[in-house]
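Reviewing the structure listed below.
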Amino acid sequence: MLKDITLGQYFPGNTLAHRLDPRTKLLAVVCYIVAIFSCHSAWAYGAAALTLIVSARVSKVGAKALLRGLRPVLFIIAFTAVLNLFYTPGEVLWTWWVLRITREGARTAVAMMARITLLITGTFLLTYTTSPIRLTDGLESLLNPLKKLRVPVHELAMMMSIALRFIPTLIEETDKIMSAQKARGADFESGSLLRRAKALIPLLVPLFISAFRRADELATAMECRCYHGGEGRTKLHVLRFAARDYLVLAFYVALAAAIIVLD
Amino acid sequence: MDEIIKVENLTHTYGEGTPFCRSAVEHMDFAVRRGELLGLIGHTGSGKSTLIQHLNGLLKPTEGRVLLDGKDIWAEPKKIRDVRFRVGLVFQYPEYQLFEETVYKDIAFGPANMGLRGEELDRRIREAARFAGLDEGLLDKSPFALSGGQKRRVAIAGVIAMEPEVLVLDEPSAGLDPRGREELLEHIRAYHRERGNTVVLVSHSMEEIARYADRIVVLAHGRALMDGTPREVFSRAAELVRAGLDVPQTTRIAMELQKRGLPIDPAVYTVEELARALLALKKGGGRGC
């Protein structure tokens with residue numbers, strides 16, 4: 001049940017999209033988001049969608065997997081669409097009781113849906129093709145200039161990779177504790193909201209305790225291997241831009257620029 | 001002896017419809033007889049954990065049925081909680097599920113979920129603590145202040161307190177030191193004898209299973225490979241080894257001796273038996289080793 005969560009899941013592979021430098025992909029996603037938010041006309045949305053489809057094809061991530069990522073935000077998409085549909089003033093197309101649909105409302109509703117869908121699937125494509133470790137590596141390297149402003153970039157990146165690394169572990173642990181408490185007759189599924197919240201105590205207490213224990217053990221293990229922060233730390237896999245990175249990046253920058261300028 | 005639990009043609013597939021789909025248990029038939037101490041053995045990935053989670057309805061079969069006292073446990077899905085009280089399951093490393101302020105309250109969690117209150121609840125808690133080998137003095141302590149072995153006993157007592165007809169323990173002795181192991185298993189055996197309840201002991205240690213179980217079921221690759229008394233199972237030691245399973249050290253020694261031409265029965269599985277067999281050999285005036 002809990003294992004169905006796909007947030008930030010990585011599909012190993014060896015396509016062009018997998019081989020790209022994580023920094024390229026991060027910057028490309030930023031460009032893509034800028035492009036999506038500058039879209040106004042249908043052709044701009046079309047271009048953005050086409051880019052996404054081609055990128056997905058290249059990375060060999062199935063449409064099903066990409067759309068599955070949308071499931072948790074379906075409600076938000078529907079909510080924004082409905083709000084926009086009924087509350088945008090403009091030329092009235094249809095009215096019934098207090099409900100009113102305007103031409104502008106219909107337009108923005110569709111545009112908003114397209115925008116959120118592209119945004120989510122675009123970022124999911126990034127996490128599907130980039131392992132969490134490479135992702136944080138890329139992020140750390142991109143944010144490096146901020147070190148001059150005393151932002152603890154390395155520490156933040158390390159915290160992020162540890163957090164990402166432990167998400168599956170914690171999910172597994174939650175599953176296990178849940179089963180164990182169910183075996184003792186715990187009931188997580190029925191009763192009032194208050195009862196259900198109370199029923200979570202036998203799950204949360206052991207979960208927190210084991211998370212703290214794990215954190216402690218990990219800290220000790222890291223210190224045993226002489227971890228002392230980012231100062232002077234070298235990398236096993238040094239990030240390097242290749243020709244393909246420049247090409248892909250150039251394409252995404254061009255896409256964003258074209259949409260901003262022309263649309 | 002009649003069968004208290006019967007598993008018919010059980011198949012369980014994880015992650016159906018995803019690329020990670022795999023069957024942990026395939027077309028398995030399996031039975032637990034009333035009042036026995038059954039040993040369930042198999043190495044990691046043999047489907048033990050998946051199988052036992054079907055016995056109390058934590059997992060639902062993809063295919064096949066699980067019968068408790070002849071009744072399909074999934075006939076009324078709403079009453080699955082009652083099945084969990086009748087088949088008590090102690091997970092691996094159960095000490096990580098403790099959550100209450102005191103040992104007493106933690107043991108009470110299961111029986112209280114059954115709706116028990118007052119004297120009956122108190123009696124069950126104290127009795128379960130005794131069966132698990134916990135001192136009365138520990139009942140008021142915080143479970144987090146106890147040692148690892150004591151925590152595990154608290155967790156086991158928490159399931160015993162539900163007074164299940166079948167007690168299933170998944171690797172109850174994993175991670176304990178040899179003395180802790182023996183003590184714990186002796187307590188389980190005493191519980192079995194005193195109560196006459198059915199116990200299913202899951203382990204990957206052949207020694208342990210050989211010593212305590214009345215009957216052994218060997219699992220391999222999601223199926224029941226062998227089923228019989230310890231003697232019957234260990235007389236097929238060579239087969240066990242071929243299936244990638246361990247045999248007790250004593251059996252291994254006897255097997256090696258037999259290979260070298262000594263007339264010894266390789267189906268010995270306790271130290272005492274091996275000692276007796278070796279002494280008999282010596283008296284028989286065989287060649288010296």
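The chains in the structure tokens are called A, B, ... from first to last as shown; in each chain the residues are counted from 1, and the ligands are counted from 1 in the order shown.
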
Find the nearest atom pair between each residue of chain A and chain B for residues within 6 Å, count only C-alpha atoms, give distances in Å to one decimal, sort rows by chain and ascending number, and present the table as a tab-separated table.
```
residue	atom	partner	partner_atom	distance
A:Ile177	CA	B:Gln97	CA	5.8
A:Ala183	CA	B:Arg84	CA	5.6
A:Arg184	CA	B:Gly110	CA	4.6
A:Gly185	CA	B:Asn113	CA	5.6
A:Pro202	CA	B:Phe99	CA	5.7
A:Val205	CA	B:Phe99	CA	5.5
A:Pro206	CA	B:Gln97	CA	5.6
```

*Determine which residues of region 30-252 of chain B receive a DSSP assignment of alpha helix (DSSP H), computed from the backbone, and state them as a PyMOL selection string.*
chain B and resi 48-55+80-86+103-113+118-131+148-160+178-195+206-212+230-234+237-242+249-252

_as a VMD selection string, please: the residues near Ala48 (chain A) (cut-off 8 Å, only C-alpha atoms, same-chain neighbours under 6 positions excluded)._
chain A and resid 32 35 to 36 118

Would you mind exporting N, CA and C atoms of the selected residues as an mmCIF file, in the first residue's frame?
```
data_model
loop_
_atom_site.group_PDB
_atom_site.id
_atom_site.type_symbol
_atom_site.label_atom_id
_atom_site.label_comp_id
_atom_site.auth_asym_id
_atom_site.auth_seq_id
_atom_site.Cartn_x
_atom_site.Cartn_y
_atom_site.Cartn_z
ATOM 1 N N TYR A 32 12.583 24.947 -18.456
ATOM 2 C CA TYR A 32 11.282 24.427 -18.870
ATOM 3 C C TYR A 32 10.175 25.060 -18.041
ATOM 4 N N ALA A 35 9.628 28.478 -19.149
ATOM 5 C CA ALA A 35 8.910 28.445 -20.428
ATOM 6 C C ALA A 35 7.416 28.219 -20.196
ATOM 7 N N ILE A 36 7.093 27.251 -19.340
ATOM 8 C CA ILE A 36 5.676 26.941 -19.111
ATOM 9 C C ILE A 36 4.937 28.147 -18.550
ATOM 10 N N LEU A 118 2.086 19.746 -17.134
ATOM 11 C CA LEU A 118 3.422 19.790 -17.735
ATOM 12 C C LEU A 118 4.483 19.991 -16.661
#
```

*Among region 41-225 of chain B, which residues carry a DSSP assignment of strand (DSSP E), reported as number ranges by chain?*
B: 41, 63-68, 71-72, 87-90, 166-170, 198-203, 215-220, 223-225

Can you check which parts of region 170-262 of chain A lie within 12 Å of region 17-27 of chain A? Per residue, the shortest pair of atoms and distance in Å to one decimal, counting only C-alpha atoms, sorted by chain and number, as JSON lines.
```
{"residue": "A:His237", "atom": "CA", "partner": "A:Asp21", "partner_atom": "CA", "distance": 11.1}
{"residue": "A:Val238", "atom": "CA", "partner": "A:Asp21", "partner_atom": "CA", "distance": 10.2}
{"residue": "A:Leu239", "atom": "CA", "partner": "A:Asp21", "partner_atom": "CA", "distance": 6.8}
{"residue": "A:Arg240", "atom": "CA", "partner": "A:Asp21", "partner_atom": "CA", "distance": 7.0}
{"residue": "A:Phe241", "atom": "CA", "partner": "A:Asp21", "partner_atom": "CA", "distance": 6.4}
{"residue": "A:Ala242", "atom": "CA", "partner": "A:Asp21", "partner_atom": "CA", "distance": 7.9}
{"residue": "A:Ala243", "atom": "CA", "partner": "A:Leu20", "partner_atom": "CA", "distance": 9.9}
{"residue": "A:Arg244", "atom": "CA", "partner": "A:Leu20", "partner_atom": "CA", "distance": 7.3}
{"residue": "A:Asp245", "atom": "CA", "partner": "A:Thr24", "partner_atom": "CA", "distance": 5.9}
{"residue": "A:Tyr246", "atom": "CA", "partner": "A:Thr24", "partner_atom": "CA", "distance": 7.9}
{"residue": "A:Leu247", "atom": "CA", "partner": "A:Thr24", "partner_atom": "CA", "distance": 9.7}
{"residue": "A:Val248", "atom": "CA", "partner": "A:Thr24", "partner_atom": "CA", "distance": 7.5}
{"residue": "A:Leu249", "atom": "CA", "partner": "A:Thr24", "partner_atom": "CA", "distance": 6.1}
{"residue": "A:Ala250", "atom": "CA", "partner": "A:Thr24", "partner_atom": "CA", "distance": 9.8}
{"residue": "A:Phe251", "atom": "CA", "partner": "A:Thr24", "partner_atom": "CA", "distance": 11.1}
{"residue": "A:Tyr252", "atom": "CA", "partner": "A:Leu27", "partner_atom": "CA", "distance": 8.6}
{"residue": "A:Val253", "atom": "CA", "partner": "A:Leu27", "partner_atom": "CA", "distance": 8.9}
{"residue": "A:Ala256", "atom": "CA", "partner": "A:Leu27", "partner_atom": "CA", "distance": 11.5}
```

Using only C-alpha atoms, determine which residues lie at most 8 Å from region 122-126 of chain A, disregarding the query and same-chain residues fewer than 3 positions distant; provide the list as a short mmCIF file (atom, residue, chain, number, x, y, z; two decimals) with all heavy atoms, in the first residue's frame.
```cif
data_model
loop_
_atom_site.label_atom_id
_atom_site.label_comp_id
_atom_site.auth_asym_id
_atom_site.auth_seq_id
_atom_site.Cartn_x
_atom_site.Cartn_y
_atom_site.Cartn_z
N GLY A 8 9.71 10.93 -6.32
CA GLY A 8 11.16 10.90 -6.41
C GLY A 8 11.74 9.55 -6.73
O GLY A 8 12.88 9.27 -6.41
N LYS A 25 20.34 18.67 -16.45
CA LYS A 25 18.92 18.35 -16.31
C LYS A 25 18.24 19.33 -15.38
O LYS A 25 17.12 19.78 -15.64
CB LYS A 25 18.77 16.91 -15.81
CG LYS A 25 19.06 15.92 -16.93
CD LYS A 25 18.74 14.51 -16.52
CE LYS A 25 19.98 13.83 -15.99
NZ LYS A 25 19.75 12.39 -15.73
N LEU A 26 18.92 19.68 -14.28
CA LEU A 26 18.34 20.64 -13.35
C LEU A 26 18.09 21.98 -14.03
O LEU A 26 17.00 22.56 -13.93
CB LEU A 26 19.27 20.84 -12.14
CG LEU A 26 19.14 19.80 -11.04
CD1 LEU A 26 20.34 19.88 -10.10
CD2 LEU A 26 17.86 20.02 -10.26
N VAL A 29 15.31 21.77 -16.50
CA VAL A 29 13.98 21.80 -15.86
C VAL A 29 13.63 23.23 -15.45
O VAL A 29 12.50 23.68 -15.62
CB VAL A 29 13.95 20.85 -14.64
CG1 VAL A 29 12.72 21.12 -13.79
CG2 VAL A 29 13.93 19.41 -15.12
N TYR A 32 12.58 24.95 -18.46
CA TYR A 32 11.28 24.43 -18.87
C TYR A 32 10.17 25.06 -18.04
O TYR A 32 9.14 25.46 -18.57
CB TYR A 32 11.28 22.90 -18.71
CG TYR A 32 10.09 22.24 -19.34
CD1 TYR A 32 9.94 22.26 -20.72
CD2 TYR A 32 9.11 21.63 -18.56
CE1 TYR A 32 8.83 21.68 -21.30
CE2 TYR A 32 8.01 21.06 -19.13
CZ TYR A 32 7.87 21.07 -20.50
OH TYR A 32 6.78 20.51 -21.08
N LEU A 52 8.26 17.84 -23.97
CA LEU A 52 8.14 16.86 -22.89
C LEU A 52 8.00 15.45 -23.46
O LEU A 52 8.65 14.51 -23.00
CB LEU A 52 6.93 17.20 -22.02
CG LEU A 52 6.77 16.29 -20.81
CD1 LEU A 52 7.84 16.59 -19.79
CD2 LEU A 52 5.40 16.42 -20.21
N ALA A 56 10.54 12.44 -22.89
CA ALA A 56 10.10 11.19 -22.26
C ALA A 56 10.45 10.00 -23.15
O ALA A 56 10.90 8.96 -22.67
CB ALA A 56 8.60 11.23 -21.99
N VAL A 61 10.92 6.48 -20.48
CA VAL A 61 9.99 6.39 -19.36
C VAL A 61 8.59 6.29 -19.96
O VAL A 61 8.23 7.10 -20.80
CB VAL A 61 10.09 7.62 -18.44
CG1 VAL A 61 9.02 7.57 -17.37
CG2 VAL A 61 11.46 7.68 -17.79
N LEU A 66 4.71 8.16 -15.99
CA LEU A 66 4.68 9.62 -15.87
C LEU A 66 3.33 10.10 -15.34
O LEU A 66 3.27 10.95 -14.46
CB LEU A 66 4.93 10.26 -17.23
CG LEU A 66 6.38 10.58 -17.58
CD1 LEU A 66 6.44 11.22 -18.95
CD2 LEU A 66 7.00 11.48 -16.55
N GLY A 69 2.51 9.69 -11.65
CA GLY A 69 3.02 10.73 -10.77
C GLY A 69 2.00 11.84 -10.55
O GLY A 69 2.07 12.57 -9.58
N LEU A 118 2.09 19.75 -17.13
CA LEU A 118 3.42 19.79 -17.74
C LEU A 118 4.48 19.99 -16.66
O LEU A 118 5.55 19.36 -16.69
CB LEU A 118 3.51 20.92 -18.76
CG LEU A 118 2.70 20.71 -20.05
CD1 LEU A 118 2.80 21.94 -20.94
CD2 LEU A 118 3.19 19.48 -20.80
N LEU A 119 4.17 20.85 -15.71
CA LEU A 119 5.13 21.14 -14.64
C LEU A 119 5.46 19.88 -13.86
O LEU A 119 6.63 19.53 -13.67
CB LEU A 119 4.51 22.18 -13.71
CG LEU A 119 5.36 22.64 -12.54
CD1 LEU A 119 6.44 23.57 -13.03
CD2 LEU A 119 4.51 23.32 -11.49
N THR A 129 14.84 9.92 -14.15
CA THR A 129 16.06 9.59 -14.90
C THR A 129 17.33 9.92 -14.13
O THR A 129 18.42 9.69 -14.64
CB THR A 129 16.09 10.36 -16.24
OG1 THR A 129 16.02 11.75 -15.95
CG2 THR A 129 14.97 9.96 -17.14
N THR A 130 17.20 10.51 -12.93
CA THR A 130 18.40 10.89 -12.19
C THR A 130 18.34 10.26 -10.81
O THR A 130 17.34 10.41 -10.10
CB THR A 130 18.46 12.43 -12.02
OG1 THR A 130 18.02 13.03 -13.22
CG2 THR A 130 19.85 12.88 -11.69
#
```

Spatial neighbours of Ala224 (chain B), 12 Å, only C-alpha atoms, chain gap at least 4 places, as a PDB file with C-alpha atoms, in the first residue's frame:
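Wrote selection07.pdb, looks like this:
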```pdb
ATOM      1  CA  VAL B   7      -3.404 -23.483   3.510  1.00  0.00           C
ATOM      2  CA  GLU B   8      -4.635 -24.577   0.103  1.00  0.00           C
ATOM      3  CA  ASN B   9      -2.918 -23.766  -3.147  1.00  0.00           C
ATOM      4  CA  LEU B  10      -1.679 -20.431  -1.837  1.00  0.00           C
ATOM      5  CA  VAL B  25       4.732 -18.035  -2.562  1.00  0.00           C
ATOM      6  CA  GLU B  26       3.475 -20.251  -5.349  1.00  0.00           C
ATOM      7  CA  HIS B  27       0.772 -22.912  -5.177  1.00  0.00           C
ATOM      8  CA  MET B  28       1.667 -23.882  -1.644  1.00  0.00           C
ATOM      9  CA  ASP B  29      -0.203 -26.461   0.404  1.00  0.00           C
ATOM     10  CA  PHE B  30       0.543 -26.431   4.075  1.00  0.00           C
ATOM     11  CA  ALA B  31      -1.125 -27.382   7.338  1.00  0.00           C
ATOM     12  CA  LEU B  40       9.122 -23.755   9.671  1.00  0.00           C
ATOM     13  CA  ILE B  41      12.469 -23.462   8.006  1.00  0.00           C
ATOM     14  CA  GLY B  42      13.861 -21.961   4.850  1.00  0.00           C
ATOM     15  CA  SER B  46      11.980 -18.780   0.615  1.00  0.00           C
ATOM     16  CA  GLY B  47       8.600 -17.211   1.345  1.00  0.00           C
ATOM     17  CA  LYS B  48       8.422 -17.880   5.091  1.00  0.00           C
ATOM     18  CA  LEU B  51       3.396 -17.383   4.305  1.00  0.00           C
ATOM     19  CA  ILE B 216       9.348 -29.640  10.394  1.00  0.00           C
ATOM     20  CA  VAL B 217       8.250 -28.065   7.142  1.00  0.00           C
ATOM     21  CA  VAL B 218      11.058 -26.987   4.848  1.00  0.00           C
ATOM     22  CA  LEU B 219      10.325 -24.160   2.430  1.00  0.00           C
ATOM     23  CA  ALA B 220      12.333 -23.452  -0.676  1.00  0.00           C
ATOM     24  CA  GLY B 228       7.986 -34.600   8.452  1.00  0.00           C
ATOM     25  CA  ALA B 243      18.538 -27.118  -1.832  1.00  0.00           C
TER      26      ALA B 243
END
```

*What is the CA of Glu207 (chain B) to CA of Ala275 (chain B) distance in Å?*
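Distance reported for this atom pair: 15.4 Å.
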
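Considering the residues A:Asn14, A:Gln9, A:Thr121, A:Thr220 and counting only C-alpha atoms, Ile53 (chain A) has its shortest atom-to-atom contact with A:Thr121.
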
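One finds CA of Leu74 (chain A) at 27.2 Å from CA of Val92 (chain A).
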